[in-house]
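Novice: protein-v6.tsv (TSV, C-alpha atoms) pasted underneath:
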```tsv
chain	number	residue	atom	x	y	z
A	142	MET	CA	0.05	-7.33	-18.50
A	143	ALA	CA	2.53	-6.62	-15.69
A	144	THR	CA	1.38	-6.29	-12.13
A	145	LYS	CA	1.41	-2.65	-11.05
A	146	VAL	CA	2.14	-1.27	-7.58
A	147	LEU	CA	1.28	2.26	-6.49
A	148	LEU	CA	3.87	3.22	-3.87
A	149	VAL	CA	2.90	6.17	-1.66
A	150	GLU	CA	5.93	7.10	0.45
A	151	ASP	CA	7.46	10.44	1.44
A	152	ASP	CA	10.98	9.18	2.21
A	153	PRO	CA	12.98	9.28	-1.08
A	154	ALA	CA	15.39	6.53	0.07
A	155	ILE	CA	12.57	4.13	0.95
A	156	GLN	CA	10.78	5.08	-2.25
A	157	ARG	CA	13.88	4.23	-4.34
A	158	LEU	CA	14.46	0.99	-2.44
A	159	TYR	CA	10.95	-0.36	-3.02
A	160	ASP	CA	10.80	1.00	-6.56
A	161	ASN	CA	13.94	-1.01	-7.38
A	162	LEU	CA	12.74	-4.16	-5.60
A	163	PHE	CA	9.36	-4.12	-7.34
A	164	ARG	CA	10.93	-3.51	-10.75
A	165	LEU	CA	13.30	-6.45	-10.15
A	166	GLU	CA	10.16	-8.57	-9.65
A	167	GLY	CA	8.88	-7.34	-13.02
A	168	TYR	CA	6.22	-5.07	-11.55
A	169	GLY	CA	5.26	-1.71	-12.94
A	170	VAL	CA	5.55	1.02	-10.31
A	171	ALA	CA	3.84	4.39	-9.91
A	172	LEU	CA	5.17	6.72	-7.20
A	173	LEU	CA	3.59	9.39	-5.02
A	174	PRO	CA	5.30	11.37	-2.22
A	175	ASP	CA	2.09	11.81	-0.17
A	176	GLY	CA	-1.60	10.98	-0.13
A	177	ASN	CA	-2.82	14.18	-1.75
A	178	ASN	CA	-3.54	12.72	-5.20
A	179	VAL	CA	-3.83	9.04	-4.39
A	180	VAL	CA	-7.39	8.55	-5.66
A	181	ASP	CA	-6.79	10.31	-8.97
A	182	THR	CA	-3.49	8.49	-9.44
A	183	ALA	CA	-5.06	5.13	-8.62
A	184	LYS	CA	-7.89	5.76	-11.08
A	185	HIS	CA	-5.40	6.70	-13.80
A	186	GLU	CA	-2.69	4.07	-13.10
A	187	LYS	CA	-5.07	1.22	-12.16
A	188	PRO	CA	-2.64	-0.48	-9.76
A	189	ASP	CA	-3.13	-4.06	-8.63
A	190	ILE	CA	-2.08	-3.06	-5.11
A	191	ILE	CA	-1.13	0.05	-3.13
A	192	LEU	CA	1.71	0.19	-0.60
A	193	MET	CA	1.27	3.34	1.47
A	194	ASP	CA	3.07	4.97	4.37
A	195	VAL	CA	0.90	6.12	7.26
A	196	MET	CA	2.60	9.34	8.33
A	197	MET	CA	3.33	11.70	5.45
A	198	PRO	CA	3.20	15.45	4.89
A	199	GLY	CA	0.07	16.71	3.23
A	200	ARG	CA	-2.63	14.05	3.27
A	201	ASN	CA	-1.58	11.21	5.56
A	202	GLY	CA	-2.00	7.55	4.67
A	203	LEU	CA	-5.04	6.93	6.87
A	204	ASP	CA	-7.00	9.78	5.31
A	205	ALA	CA	-5.87	8.71	1.83
A	206	LEU	CA	-6.97	5.13	2.60
A	207	LYS	CA	-10.43	6.37	3.57
A	208	ASP	CA	-10.61	8.33	0.31
A	209	LEU	CA	-9.64	5.23	-1.70
A	210	LYS	CA	-12.24	3.04	0.00
A	211	ALA	CA	-14.97	5.67	-0.50
A	212	GLU	CA	-14.41	5.86	-4.27
A	213	ARG	CA	-16.16	3.20	-6.36
A	214	HIS	CA	-13.27	2.93	-8.85
A	215	THR	CA	-10.63	2.30	-6.19
A	216	LYS	CA	-12.36	0.68	-3.22
A	217	TYR	CA	-11.45	-2.88	-4.21
A	218	ILE	CA	-7.73	-2.24	-4.71
A	219	PRO	CA	-5.87	-3.94	-1.84
A	220	VAL	CA	-3.97	-1.48	0.34
A	221	ILE	CA	-0.99	-2.37	2.50
A	222	MET	CA	-0.07	0.22	5.10
A	223	LEU	CA	3.67	0.46	5.84
A	224	SER	CA	4.52	2.40	8.96
A	225	ALA	CA	7.32	3.20	11.34
A	226	TYR	CA	4.68	3.39	14.08
A	227	GLU	CA	3.60	0.32	16.02
A	228	GLU	CA	0.65	1.89	17.80
A	229	ASP	CA	-2.58	0.03	18.46
A	230	ASP	CA	-4.64	3.11	17.64
A	231	LEU	CA	-3.06	3.50	14.18
A	232	LEU	CA	-3.47	-0.20	13.50
A	233	PHE	CA	-7.13	-0.07	14.53
A	234	GLN	CA	-7.78	3.00	12.38
A	235	ALA	CA	-6.11	1.40	9.35
A	236	MET	CA	-8.06	-1.84	9.70
A	237	GLN	CA	-11.33	0.05	10.24
A	238	ALA	CA	-10.66	2.10	7.10
A	239	GLY	CA	-10.13	-1.04	5.00
A	240	ALA	CA	-6.39	-1.80	4.94
A	241	ASN	CA	-5.51	-5.38	4.01
A	242	ARG	CA	-2.32	-5.36	6.07
A	243	TYR	CA	-0.52	-3.04	8.48
A	244	LEU	CA	3.23	-3.62	8.32
A	245	VAL	CA	5.73	-2.12	10.74
A	246	LYS	CA	8.94	-1.11	8.95
A	247	SER	CA	11.26	-2.14	11.80
A	248	ARG	CA	9.79	-5.67	11.97
A	249	LEU	CA	10.37	-6.60	8.32
A	250	GLU	CA	13.18	-6.51	5.82
A	251	PRO	CA	12.21	-5.03	2.43
A	252	PRO	CA	12.26	-8.45	0.66
A	253	GLU	CA	9.74	-9.69	3.25
A	254	VAL	CA	7.48	-6.74	2.43
A	255	VAL	CA	7.73	-7.62	-1.28
A	256	ALA	CA	6.81	-11.25	-0.45
A	257	ILE	CA	3.72	-10.04	1.43
A	258	ILE	CA	2.76	-7.86	-1.54
A	259	LYS	CA	3.07	-10.91	-3.83
A	260	GLU	CA	0.91	-12.96	-1.45
A	261	VAL	CA	-1.85	-10.35	-1.31
A	262	ILE	CA	-1.81	-9.93	-5.11
A	263	ALA	CA	-2.05	-13.71	-5.56
A	264	GLN	CA	-5.00	-13.86	-3.17
A	265	GLN	CA	-6.68	-11.01	-5.02
A	266	GLN	CA	-6.19	-12.70	-8.40
A	267	THR	CA	-7.59	-16.02	-7.19
A	268	GLY	CA	-10.55	-14.34	-5.54
A	269	LYS	CA	-9.57	-15.77	-2.17
A	270	GLU	CA	-10.83	-13.64	0.68
A	271	ASP	CA	-8.10	-11.94	2.66
A	272	GLN	CA	-8.10	-11.36	6.39
A	273	ALA	CA	-6.62	-8.05	7.48
A	274	GLN	CA	-3.38	-8.56	9.38
A	275	PHE	CA	-0.93	-6.70	11.55
A	276	ILE	CA	2.67	-7.64	10.87
```
Starting from the coordinates I provided, produce the structure as structure tokens.

Specialist:
Amino acid sequence: MATKVLLVEDDPAIQRLYDNLFRLEGYGVALLPDGNNVVDTAKHEKPDIILMDVMMPGRNGLDALKDLKAERHTKYIPVIMLSAYEEDDLLFQAMQAGANRYLVKSRLEPPEVVAIIKEVIAQQQTGKEDQAQFI
């Protein structure tokens, strides 16, 4: 069964970019433009990992992350936050809410983000504990 990524991103260009990169890696991809339906979508799609923007219209990524971690069917899915904002407060909130990583878009090229996703999925599949990180 193919690894599946749930990508929650409001910018259509970034959404297309990561959708293409993940599909090139052989991953299945489900897309959402905001955090409004993230729990229902995660329960239905059963992703192996979620890559989610922080600032989005509707339900933002931090609130959606809290919803995911509060739901018994989705709380163990690793969540990587991808943000344009490099603010300590946002990082702290994301880590407190249960994010596995907080990635700043300007610090990483998209292939590096995909490599981090692969690393977190591998850790999840081997049962190796993951330390939350800011990158």

Novice: As a VMD selection string, please: the residues near stretch 148-160 of chain A (cut-off 8 Å, all atoms listed in the file, same-chain neighbours under 6 positions excluded).

Specialist: chain A and resid 170 to 176 179 191 to 194 197 to 198 251

Novice: Counting all atoms listed in the file, which residues sit no farther than 12 Å from the position (-10.8, -10.2, -6.7) in the file's frame? I'd like them as an MDAnalysis selection string.

Specialist: chainID A and resid 189:190 216:219 261:271

Novice: List as an NGL selection string the protein and nucleic acid residues near A:Ser224, meaning an atom at most 7 Å away when only C-alpha atoms are counted, but skip any in the same chain fewer than 4 places from it.

Specialist: :A and (194-195 or 244-246)

Novice: Expressed in Å to a single decimal, how great is the separation between atom CA of A:Leu147 and atom CA of A:Tyr243?

Specialist: 16.0 Å

Novice: In Å, with one decimal, what is the gap from atom CA of A:Phe233 to atom CA of A:Asp181?

Specialist: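 Those two atoms sit 25.7 Å apart.
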
Novice: Rounded to one decimal, what separation in Å do you get between atom CA of A:Glu166 and atom CA of A:Ala183?

Specialist: 20.5 Å

Novice: Using all atoms listed in the file, can you tell me which of A:Leu232, A:Leu223, A:Val180, A:Arg164 comes closest to A:Ile257?

Specialist: A:Leu223

Novice: Kindly indicate which residue among A:Asp208, A:Leu203, A:Thr182, A:Ala143 lies nearest to A:Met222, using all atoms listed in the file for the distances.

Specialist: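 Closest candidate: A:Leu203.
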
Novice: Would you save stretch 233-253 of chain A to a file, keeping C-alpha atoms, as a CSV table (one decimal), in the first residue's frame?

Specialist:
```csv
chain,number,residue,atom,x,y,z
A,233,PHE,CA,5.9,27.0,20.7
A,234,GLN,CA,2.2,26.7,20.1
A,235,ALA,CA,2.8,24.1,17.3
A,236,MET,CA,5.1,22.0,19.5
A,237,GLN,CA,2.7,22.3,22.5
A,238,ALA,CA,-0.2,21.1,20.3
A,239,GLY,CA,1.7,18.1,19.1
A,240,ALA,CA,3.5,18.9,15.9
A,241,ASN,CA,6.4,16.6,15.0
A,242,ARG,CA,8.2,19.3,13.1
A,243,TYR,CA,7.9,23.1,12.4
A,244,LEU,CA,9.4,23.9,9.0
A,245,VAL,CA,10.0,27.5,7.8
A,246,LYS,CA,9.3,27.7,4.0
A,247,SER,CA,12.1,30.2,3.4
A,248,ARG,CA,14.7,28.0,5.0
A,249,LEU,CA,14.1,24.9,3.0
A,250,GLU,CA,13.8,23.9,-0.7
A,251,PRO,CA,10.8,21.7,-1.5
A,252,PRO,CA,13.0,18.6,-2.0
A,253,GLU,CA,14.4,19.1,1.5
```
